[in-house]
Number of protein chains: 2
Amino acid sequence: MKGFVFQNPTKIIFGKGKISKLGEEVKPYASKVLLVYGRGSVKRNGVYDEVTKSLKENGVTFVELSGVKPNPVLSKVKEGIKIARKENVGAIVAVGGGSVIDTCKTIAAGFYYDGDIWDAFVGKYKVERSLPIFVVLTISATGSEMNGGAVITNEETKQKFSFWTNASYPKVSILDPSVQFSLPPIQTLNGAADAIAHVLELYFDGTPNTLILDELSEGIIRTIISSTETLIKSPHDYDARANLVWSATLALNGINGTGRNGGDWSSHAIEHSLSALYDIAHGSGLAVVFPAWMKYVYKEDVAKFARLARKVFNVSAENDEEAAVKGIEELKEWFRTIGLPVTLKEAKIPEDEIEKVVENASMRTPFGKLKRLYPDDVREILKLCM
Amino acid sequence: MKGFVFQNPTKIIFGKGKISKLGEEVKPYASKVLLVYGRGSVKRNGVYDEVTKSLKENGVTFVELSGVKPNPVLSKVKEGIKIARKENVGAIVAVGGGSVIDTCKTIAAGFYYDGDIWDAFVGKYKVERSLPIFVVLTISATGSEMNGGAVITNEETKQKFSFWTNASYPKVSILDPSVQFSLPPIQTLNGAADAIAHVLELYFDGTPNTLILDELSEGIIRTIISSTETLIKSPHDYDARANLVWSATLALNGINGTGRNGGDWSSHAIEHSLSALYDIAHGSGLAVVFPAWMKYVYKEDVAKFARLARKVFNVSAENDEEAAVKGIEELKEWFRTIGLPVTLKEAKIPEDEIEKVVENASMRTPFGKLKRLYPDDVREILKLCM
């Protein structure tokens, strides 16, 4: 196990009916906020009404920014920064999933930065100041509700990049599992794939002797698998939903990342090129890329891949090599069975455009910890996605 | 799963050689601190020198309170409050395990309270203000380095009581596993038993549908068991030590307690009577009491006791009843095998003084969540400790 610093100050308020707590949490920080949401589902499912009621009851006024889309874009962030400055808001309230939260984190950082906030994504600006951020989570996937990371796409340059700062942890995140009852089924599945990928990016970074972290990781994945299977049949099962929601948050709140080498993150890097170019759902992209990445790199740490196979998929095998290979197949098969794409074709990505993806990914190569990947490696992994 | 609020602001700095970071963490909070430690082991193993060097290098002066003993006492707390006030310190630095940390938390709270700080333990005073607390951990057991709880014994009234407040979370805790290489073996074992008990108090509180929390809990216990077994043979195994240290912190940092009913805590309550009366090590007392409590109450939730048996001790059984009973025996046998007492006699507690223990415990009865316990129940559980 490696040395580490861990601190996660985000306050989580979890449970049915808890959105009503929002106003009293925001009030000590701001009397006027920028309220950010997506393309209107929060108006249909009642969440918008609950949020605005709670703000009003606590005397918090708000201006709005709506229309944040999946794979959120820099232009929307800039629109938000303008409004936030013009209206001189004291905090940002994100009502949505990772796309909305990450848009808010970037607006909150950009509020205090005179240059182009894209600088934070390309290493030219270190975010140390941010407006306070509050979250009402409506889809579990990215874990952004309890961490300091944000992923944004620059439409002009086709770059889907990220930053991570201590200043960007939400002050408070409200997680009401019941608001996810009405999600389109594919969004629950995409969220599950994203959360599993987060756990595995950390799990497979090559750090030895991380037993406690591996135990936590495997427990999170088993819970995600079991809860997702229940929700496919019964989307309104509160307890399955609650277990999935909290697992997806824990997947990337830092706890299972302590003592490791920072995570591998190659699959995320490759997937970010897919969604930057083809605007596919991140979770679906990961279901395609992750098993292919595993196949390409598992020989770097056969014992660890065998451990995952045995602990999560109950694989029995003669040796670690066989277990590792079977485990990778099991994960891919699970993605397929629940209804996610596992090939480029199934994700509607033209197989003859692999070079475009390699070129996009090469803006970030080399990446990866378990195995350092260069454009040629990315090409080979993409071939394994066919 | 139940609704919950979770926030744990403590910053953890983990790893070999990290004590040198103490001074720079304390400096922004205080230029003069009260430095508290136990009965001198920190002077023998070099930790005291590392701590004072780091403080001096950062211009932080200190006054000292030494001699804190296991089952820490109120008189020592009062001595500390006097010094802290007289010297007008700005923070408290705990160098030790749970006894030292809990003494510091109580001094830090008492600093701002005009009455008798024992009031906080008997519900007459709600702690909302505290001096900032910094921890250098030298023995893993109580988890106090990353939570808001404190347990103190009032020698006059023979009450071993506790409080838990948001104001009492340490600002920073430094966990260097290598400083525990030189611990007497029994202290590592006592710490392991205490940490396991914390996980199980939460695990067995009767809340249904807590899969993610149970997965985390079982993973923590399996890691504690495996790491402890390694350390019995090789006390200087850094990775086993690191896994045990971090597991013991996670056992009571709140994560695996989210979504539950607050924990049962009956075994802790009964054990606190044992150590208040006979000054035995808390971990050893728990090794005696916990399996007896399990035997007495398991019928309240047979399926959960069976789950523990299967997931942690790989018990195979025809049915849940058989599994549950076997699992309880396995835990008791594990405590016995590693060298902890599992009966009153082995813990050197006179069997004919059970009534004294029942009487002491009756100051707190009824307690327990899975089964509400009254003095007669406590007596029956103590009989099962024979």
# chains A, B, ... in the order shown; residues from 1 in each chain; ligands from 1
>>> residues_around(residues="segment 336-349 of chain A", least_positions_apart="2", cutoff="10 Å", atoms="only C-alpha atoms", output="MDAnalysis selection string")
chainID A and resid 185:186 189:190 193 225 228:229 232 274:275 277:281 283:292 330:334 351:354 382:386
>>> write_last_selection(atoms="C-alpha atoms", output="compact mmCIF listing (two decimals), in the first residue's frame")
# COMPACT_ATOMS: atom_id res chain seq x y z
CA PRO A 185 -33.67 2.03 -18.14
CA ILE A 186 -30.61 2.58 -20.35
CA LEU A 189 -27.36 0.71 -17.01
CA ASN A 190 -24.95 3.36 -18.28
CA ALA A 193 -21.15 0.61 -16.13
CA ILE A 225 -24.24 -5.86 -10.22
CA THR A 228 -28.78 -3.31 -11.25
CA GLU A 229 -30.17 -6.78 -11.94
CA ILE A 232 -33.98 -4.11 -14.53
CA LEU A 274 -15.31 8.04 -28.46
CA SER A 275 -17.83 10.32 -26.81
CA LEU A 277 -16.27 12.28 -31.53
CA TYR A 278 -19.57 10.39 -31.58
CA ASP A 279 -21.45 11.84 -28.60
CA ILE A 280 -22.31 8.38 -27.27
CA ALA A 281 -23.21 7.82 -23.63
CA GLY A 283 -21.30 4.35 -19.74
CA SER A 284 -22.04 2.62 -23.02
CA GLY A 285 -18.64 3.63 -24.35
CA LEU A 286 -17.00 2.15 -21.27
CA ALA A 287 -18.90 -1.13 -21.70
CA VAL A 288 -17.28 -1.34 -25.13
CA VAL A 289 -13.78 -0.23 -24.17
CA PHE A 290 -13.22 -1.69 -20.70
CA PRO A 291 -13.25 -5.43 -21.52
CA ALA A 292 -11.06 -4.74 -24.57
CA GLU A 330 -17.78 -12.58 -17.56
CA LEU A 331 -17.69 -8.80 -17.26
CA LYS A 332 -18.23 -8.33 -21.00
CA GLU A 333 -21.03 -10.88 -20.96
CA TRP A 334 -22.67 -9.10 -18.02
CA GLU A 351 -15.45 0.53 -37.46
CA ASP A 352 -13.58 2.11 -40.37
CA GLU A 353 -13.04 5.31 -38.40
CA ILE A 354 -10.70 3.81 -35.82
CA LEU A 382 -9.99 -0.49 -30.49
CA LYS A 383 -9.55 -3.53 -32.75
CA LEU A 384 -10.47 -5.68 -29.75
CA CYS A 385 -13.72 -3.68 -29.57
CA MET A 386 -14.86 -5.06 -32.93
>>> residues_around(residues="Val199 of chain A", least_positions_apart="2", cutoff="8 Å", atoms="only C-alpha atoms", output="VMD selection string")
chain A and resid 195 to 197 201 to 203 217 220 to 221 251 to 252 256
>>> write_last_selection(atoms="N, CA and C atoms", output="PDB file, in the first residue's frame")
ATOM      1  N   ALA A 195     -19.861   3.433 -13.004  1.00  0.00           N
ATOM      2  CA  ALA A 195     -19.413   3.236 -11.622  1.00  0.00           C
ATOM      3  C   ALA A 195     -18.485   2.022 -11.503  1.00  0.00           C
ATOM      4  N   ILE A 196     -18.844   0.925 -12.182  1.00  0.00           N
ATOM      5  CA  ILE A 196     -17.962  -0.256 -12.153  1.00  0.00           C
ATOM      6  C   ILE A 196     -16.597   0.098 -12.744  1.00  0.00           C
ATOM      7  N   ALA A 197     -16.613   0.858 -13.839  1.00  0.00           N
ATOM      8  CA  ALA A 197     -15.349   1.245 -14.474  1.00  0.00           C
ATOM      9  C   ALA A 197     -14.491   2.086 -13.527  1.00  0.00           C
ATOM     10  N   GLU A 201     -10.788   1.022 -12.668  1.00  0.00           N
ATOM     11  CA  GLU A 201      -9.631   1.860 -13.060  1.00  0.00           C
ATOM     12  C   GLU A 201      -8.666   1.968 -11.876  1.00  0.00           C
ATOM     13  N   LEU A 202      -9.245   2.084 -10.677  1.00  0.00           N
ATOM     14  CA  LEU A 202      -8.419   2.183  -9.468  1.00  0.00           C
ATOM     15  C   LEU A 202      -7.824   0.826  -9.104  1.00  0.00           C
ATOM     16  N   TYR A 203      -8.643  -0.193  -9.209  1.00  0.00           N
ATOM     17  CA  TYR A 203      -8.284  -1.566  -8.806  1.00  0.00           C
ATOM     18  C   TYR A 203      -7.098  -2.101  -9.601  1.00  0.00           C
ATOM     19  N   SER A 217     -13.508  -2.495  -2.978  1.00  0.00           N
ATOM     20  CA  SER A 217     -13.799  -2.393  -4.416  1.00  0.00           C
ATOM     21  C   SER A 217     -14.702  -3.531  -4.879  1.00  0.00           C
ATOM     22  N   ILE A 220     -18.211  -3.143  -3.629  1.00  0.00           N
ATOM     23  CA  ILE A 220     -18.971  -2.132  -4.378  1.00  0.00           C
ATOM     24  C   ILE A 220     -19.453  -2.720  -5.708  1.00  0.00           C
ATOM     25  N   ILE A 221     -18.564  -3.415  -6.409  1.00  0.00           N
ATOM     26  CA  ILE A 221     -18.960  -3.975  -7.720  1.00  0.00           C
ATOM     27  C   ILE A 221     -20.050  -5.029  -7.557  1.00  0.00           C
ATOM     28  N   ALA A 251     -17.982   4.603  -5.297  1.00  0.00           N
ATOM     29  CA  ALA A 251     -17.060   4.129  -6.335  1.00  0.00           C
ATOM     30  C   ALA A 251     -15.982   5.153  -6.672  1.00  0.00           C
ATOM     31  N   LEU A 252     -16.304   6.429  -6.494  1.00  0.00           N
ATOM     32  CA  LEU A 252     -15.307   7.455  -6.859  1.00  0.00           C
ATOM     33  C   LEU A 252     -15.282   8.600  -5.839  1.00  0.00           C
ATOM     34  N   ASN A 256     -11.787   4.040  -1.954  1.00  0.00           N
ATOM     35  CA  ASN A 256     -11.140   2.857  -2.517  1.00  0.00           C
ATOM     36  C   ASN A 256      -9.961   3.218  -3.422  1.00  0.00           C
TER      37      ASN A 256
END
>>> closest_atom_pairs(of="chain B", to="chain A", cutoff="6 Å", atoms="only C-alpha atoms", output="JSON lines")
{"residue": "B:Gly3", "atom": "CA", "partner": "A:Gly15", "partner_atom": "CA", "distance": 4.2}
{"residue": "B:Phe4", "atom": "CA", "partner": "A:Phe14", "partner_atom": "CA", "distance": 5.2}
{"residue": "B:Val5", "atom": "CA", "partner": "A:Ile13", "partner_atom": "CA", "distance": 4.6}
{"residue": "B:Phe6", "atom": "CA", "partner": "A:Ile12", "partner_atom": "CA", "distance": 5.0}
{"residue": "B:Gln7", "atom": "CA", "partner": "A:Lys11", "partner_atom": "CA", "distance": 4.5}
{"residue": "B:Pro9", "atom": "CA", "partner": "A:Pro9", "partner_atom": "CA", "distance": 4.6}
{"residue": "B:Lys11", "atom": "CA", "partner": "A:Gln7", "partner_atom": "CA", "distance": 4.5}
{"residue": "B:Ile12", "atom": "CA", "partner": "A:Phe6", "partner_atom": "CA", "distance": 5.0}
{"residue": "B:Ile13", "atom": "CA", "partner": "A:Val5", "partner_atom": "CA", "distance": 4.6}
{"residue": "B:Phe14", "atom": "CA", "partner": "A:Phe4", "partner_atom": "CA", "distance": 5.2}
{"residue": "B:Gly15", "atom": "CA", "partner": "A:Gly3", "partner_atom": "CA", "distance": 4.2}
{"residue": "B:Ile212", "atom": "CA", "partner": "A:Thr223", "partner_atom": "CA", "distance": 5.7}
{"residue": "B:Glu215", "atom": "CA", "partner": "A:Gly219", "partner_atom": "CA", "distance": 4.8}
{"residue": "B:Leu216", "atom": "CA", "partner": "A:Leu216", "partner_atom": "CA", "distance": 5.4}
{"residue": "B:Gly219", "atom": "CA", "partner": "A:Glu215", "partner_atom": "CA", "distance": 4.8}
{"residue": "B:Thr223", "atom": "CA", "partner": "A:Ile212", "partner_atom": "CA", "distance": 5.7}
{"residue": "B:Asn243", "atom": "CA", "partner": "A:Ile212", "partner_atom": "CA", "distance": 5.8}
>>> atom_distance(atom1="atom CA of Pro366 of chain A", atom2="atom CA of Glu321 of chain A")
26.8 Å
>>> closest_residue(among="B:Thr106, B:Ser20, B:Thr230, B:Ser66", to="Tyr37 of chain B", atoms="only C-alpha atoms")
B:Ser66
>>> atom_distance(atom1="atom CA of Ile133 of chain A", atom2="atom CA of Pro170 of chain A")
4.7 Å
>>> residues_around(residues="Asp264 of chain B", least_positions_apart="5", cutoff="9 Å", atoms="only C-alpha atoms", output="PyMOL selection string")
chain B and resi 200-206+367-371
>>> residues_around(residues="Leu35 of chain B", least_positions_apart="3", cutoff="10 Å", atoms="only C-alpha atoms", output="PyMOL selection string")
chain B and resi 32+48+51-52+61-66+80+84+89+91-95+104+134-135
>>> select_by_dssp(residues="segment 105-247 of chain A", states="strand (DSSP E)", output="count of residues only")
21
>>> select_by_dssp(residues="segment 10-70 of chain A", states="alpha helix (DSSP H)", output="ChimeraX atom specification")
/A:22-26,41-44,47-57
>>> closest_residue(among="A:Met294, A:Ser182, A:Ala361, A:Tyr29", to="His272 of chain A", atoms="only C-alpha atoms")
A:Ala361
>>> closest_residue(among="B:Val47, B:Ala309, B:Ile152, B:Val358", to="Lys105 of chain B", atoms="only C-alpha atoms")
B:Ile152
>>> atom_distance(atom1="atom CA of Leu137 of chain B", atom2="atom CA of Gly96 of chain B")
5.2 Å
>>> residues_around(residues="Ile139 of chain A", least_positions_apart="4", cutoff="9 Å", atoms="only C-alpha atoms", output="list in words")
Gly96, Gly97, Gly98, Pro177, Val179, Gln180, Leu183, Gln187, Thr188, Gly191 and Val245 of chain A
>>> write_last_selection(atoms="N, CA and C atoms", output="short mmCIF file (atom, residue, chain, number, x, y, z; two decimals), in the first residue's frame")
data_model
loop_
_atom_site.label_atom_id
_atom_site.label_comp_id
_atom_site.auth_asym_id
_atom_site.auth_seq_id
_atom_site.Cartn_x
_atom_site.Cartn_y
_atom_site.Cartn_z
N GLY A 96 -29.18 17.44 -11.26
CA GLY A 96 -28.98 16.54 -12.38
C GLY A 96 -27.95 15.47 -12.05
N GLY A 97 -27.32 14.93 -13.10
CA GLY A 97 -26.27 13.92 -12.92
C GLY A 97 -24.91 14.54 -13.17
N GLY A 98 -23.96 13.69 -13.57
CA GLY A 98 -22.58 14.13 -13.74
C GLY A 98 -22.43 15.29 -14.71
N PRO A 177 -32.83 8.47 -3.62
CA PRO A 177 -32.88 7.38 -4.61
C PRO A 177 -34.22 7.33 -5.36
N VAL A 179 -36.00 9.55 -6.70
CA VAL A 179 -36.14 10.39 -7.90
C VAL A 179 -35.60 9.68 -9.13
N GLN A 180 -34.88 8.57 -8.94
CA GLN A 180 -34.34 7.83 -10.09
C GLN A 180 -35.28 6.72 -10.57
N LEU A 183 -36.15 7.10 -14.30
CA LEU A 183 -35.09 7.15 -15.32
C LEU A 183 -35.37 6.17 -16.46
N GLN A 187 -30.31 4.54 -18.90
CA GLN A 187 -29.50 5.45 -18.10
C GLN A 187 -29.03 4.80 -16.80
N THR A 188 -29.89 3.97 -16.23
CA THR A 188 -29.45 3.22 -15.05
C THR A 188 -28.29 2.29 -15.41
N GLY A 191 -25.10 4.19 -16.03
CA GLY A 191 -24.55 4.62 -14.74
C GLY A 191 -23.84 3.48 -14.03
N VAL A 245 -27.33 3.68 -5.74
CA VAL A 245 -26.99 5.11 -5.64
C VAL A 245 -25.77 5.31 -4.74
#
>>> decode(residues="segment 119-165 of chain B", atoms="N, CA and C atoms", output="CSV table (one decimal), in the first residue's frame")
chain,number,residue,atom,x,y,z
B,119,ASP,N,-20.5,16.6,32.2
B,119,ASP,CA,-21.9,16.8,31.7
B,119,ASP,C,-22.1,16.4,30.3
B,120,ALA,N,-21.0,16.5,29.5
B,120,ALA,CA,-21.2,16.1,28.1
B,120,ALA,C,-21.4,14.6,28.0
B,121,PHE,N,-21.0,13.8,29.0
B,121,PHE,CA,-21.1,12.3,28.9
B,121,PHE,C,-22.5,11.9,29.5
B,122,VAL,N,-23.1,12.7,30.2
B,122,VAL,CA,-24.4,12.3,30.8
B,122,VAL,C,-25.6,13.1,30.2
B,123,GLY,N,-25.3,13.7,29.1
B,123,GLY,CA,-26.4,14.4,28.4
B,123,GLY,C,-26.8,15.7,28.9
B,124,LYS,N,-26.0,16.3,29.8
B,124,LYS,CA,-26.4,17.6,30.3
B,124,LYS,C,-25.8,18.8,29.5
B,125,TYR,N,-24.9,18.5,28.6
B,125,TYR,CA,-24.2,19.5,27.9
B,125,TYR,C,-23.9,19.0,26.5
B,126,LYS,N,-24.3,19.7,25.4
B,126,LYS,CA,-24.1,19.3,24.1
B,126,LYS,C,-22.9,20.1,23.5
B,127,VAL,N,-21.8,19.3,23.2
B,127,VAL,CA,-20.6,19.9,22.8
B,127,VAL,C,-20.8,20.5,21.4
B,128,GLU,N,-20.6,21.8,21.2
B,128,GLU,CA,-20.7,22.4,19.9
B,128,GLU,C,-19.5,23.2,19.5
B,129,ARG,N,-18.5,23.3,20.5
B,129,ARG,CA,-17.3,24.1,20.3
B,129,ARG,C,-16.1,23.3,20.9
B,130,SER,N,-15.0,23.3,20.2
B,130,SER,CA,-13.9,22.5,20.6
B,130,SER,C,-12.6,23.2,20.1
B,131,LEU,N,-11.5,23.1,20.8
B,131,LEU,CA,-10.2,23.4,20.2
B,131,LEU,C,-10.0,22.5,19.1
B,132,PRO,N,-9.2,22.9,18.0
B,132,PRO,CA,-8.8,22.0,17.0
B,132,PRO,C,-7.9,20.9,17.5
B,133,ILE,N,-8.2,19.6,17.0
B,133,ILE,CA,-7.5,18.5,17.5
B,133,ILE,C,-6.6,17.9,16.3
B,134,PHE,N,-5.4,17.5,16.6
B,134,PHE,CA,-4.5,16.9,15.7
B,134,PHE,C,-4.0,15.6,16.3
B,135,VAL,N,-3.9,14.5,15.5
B,135,VAL,CA,-3.6,13.2,16.0
B,135,VAL,C,-2.4,12.6,15.3
B,136,VAL,N,-1.5,12.1,16.1
B,136,VAL,CA,-0.4,11.2,15.5
B,136,VAL,C,-0.7,9.8,16.2
B,137,LEU,N,-1.2,8.9,15.3
B,137,LEU,CA,-1.7,7.6,15.8
B,137,LEU,C,-0.6,6.6,16.1
B,138,THR,N,-0.6,6.0,17.3
B,138,THR,CA,0.4,5.0,17.6
B,138,THR,C,-0.1,3.6,17.8
B,139,ILE,N,-1.4,3.5,17.9
B,139,ILE,CA,-2.0,2.2,18.0
B,139,ILE,C,-3.4,2.2,17.4
B,140,SER,N,-3.7,1.3,16.5
B,140,SER,CA,-5.0,1.2,15.8
B,140,SER,C,-6.0,0.3,16.6
B,141,ALA,N,-7.1,0.9,16.9
B,141,ALA,CA,-8.1,0.2,17.6
B,141,ALA,C,-9.5,0.9,17.6
B,142,THR,N,-9.5,2.1,18.2
B,142,THR,CA,-10.8,2.7,18.5
B,142,THR,C,-11.4,3.4,17.3
B,143,GLY,N,-10.6,3.8,16.3
B,143,GLY,CA,-11.1,4.6,15.2
B,143,GLY,C,-11.3,6.0,15.5
B,144,SER,N,-10.9,6.4,16.7
B,144,SER,CA,-11.2,7.8,17.2
B,144,SER,C,-10.4,8.8,16.4
B,145,GLU,N,-9.4,8.4,15.7
B,145,GLU,CA,-8.6,9.3,14.8
B,145,GLU,C,-9.4,9.8,13.6
B,146,MET,N,-10.6,9.3,13.4
B,146,MET,CA,-11.4,9.8,12.2
B,146,MET,C,-12.9,9.8,12.6
B,147,ASN,N,-13.2,10.1,13.8
B,147,ASN,CA,-14.6,10.2,14.2
B,147,ASN,C,-14.8,11.3,15.3
B,148,GLY,N,-16.0,11.5,15.7
B,148,GLY,CA,-16.3,12.5,16.7
B,148,GLY,C,-16.6,12.0,18.0
B,149,GLY,N,-16.2,10.7,18.3
B,149,GLY,CA,-16.5,10.1,19.6
B,149,GLY,C,-15.4,10.1,20.6
B,150,ALA,N,-15.8,10.0,21.8
B,150,ALA,CA,-14.8,9.9,22.9
B,150,ALA,C,-15.4,9.1,24.1
B,151,VAL,N,-14.5,8.2,24.7
B,151,VAL,CA,-15.0,7.4,25.8
B,151,VAL,C,-14.0,7.7,27.0
B,152,ILE,N,-14.6,8.1,28.1
B,152,ILE,CA,-13.8,8.4,29.3
B,152,ILE,C,-14.4,7.7,30.5
B,153,THR,N,-13.5,7.3,31.4
B,153,THR,CA,-14.0,6.7,32.7
B,153,THR,C,-14.0,7.8,33.8
B,154,ASN,N,-15.1,7.9,34.5
B,154,ASN,CA,-15.2,8.7,35.7
B,154,ASN,C,-14.8,7.8,36.9
B,155,GLU,N,-13.6,8.0,37.4
B,155,GLU,CA,-13.2,7.0,38.5
B,155,GLU,C,-14.1,7.0,39.7
B,156,GLU,N,-14.6,8.2,40.0
B,156,GLU,CA,-15.3,8.3,41.3
B,156,GLU,C,-16.7,7.6,41.2
B,157,THR,N,-17.3,7.7,40.0
B,157,THR,CA,-18.6,7.0,39.9
B,157,THR,C,-18.6,5.7,39.2
B,158,LYS,N,-17.3,5.3,38.8
B,158,LYS,CA,-17.1,4.0,38.1
B,158,LYS,C,-18.0,4.0,36.8
B,159,GLN,N,-18.2,5.1,36.2
B,159,GLN,CA,-18.9,5.2,34.9
B,159,GLN,C,-17.9,5.3,33.7
B,160,LYS,N,-18.0,4.4,32.8
B,160,LYS,CA,-17.2,4.5,31.5
B,160,LYS,C,-18.2,4.9,30.5
B,161,PHE,N,-18.3,6.2,30.2
B,161,PHE,CA,-19.3,6.7,29.3
B,161,PHE,C,-18.7,7.4,28.1
B,162,SER,N,-19.6,7.8,27.1
B,162,SER,CA,-19.0,8.4,25.8
B,162,SER,C,-19.9,9.6,25.4
B,163,PHE,N,-19.3,10.4,24.5
B,163,PHE,CA,-20.0,11.4,23.8
B,163,PHE,C,-19.6,11.3,22.3
B,164,TRP,N,-20.4,11.9,21.4
B,164,TRP,CA,-20.1,11.9,20.0
B,164,TRP,C,-20.6,13.3,19.4
B,165,THR,N,-19.7,14.1,18.9
B,165,THR,CA,-20.2,15.4,18.4
B,165,THR,C,-19.4,15.7,17.1
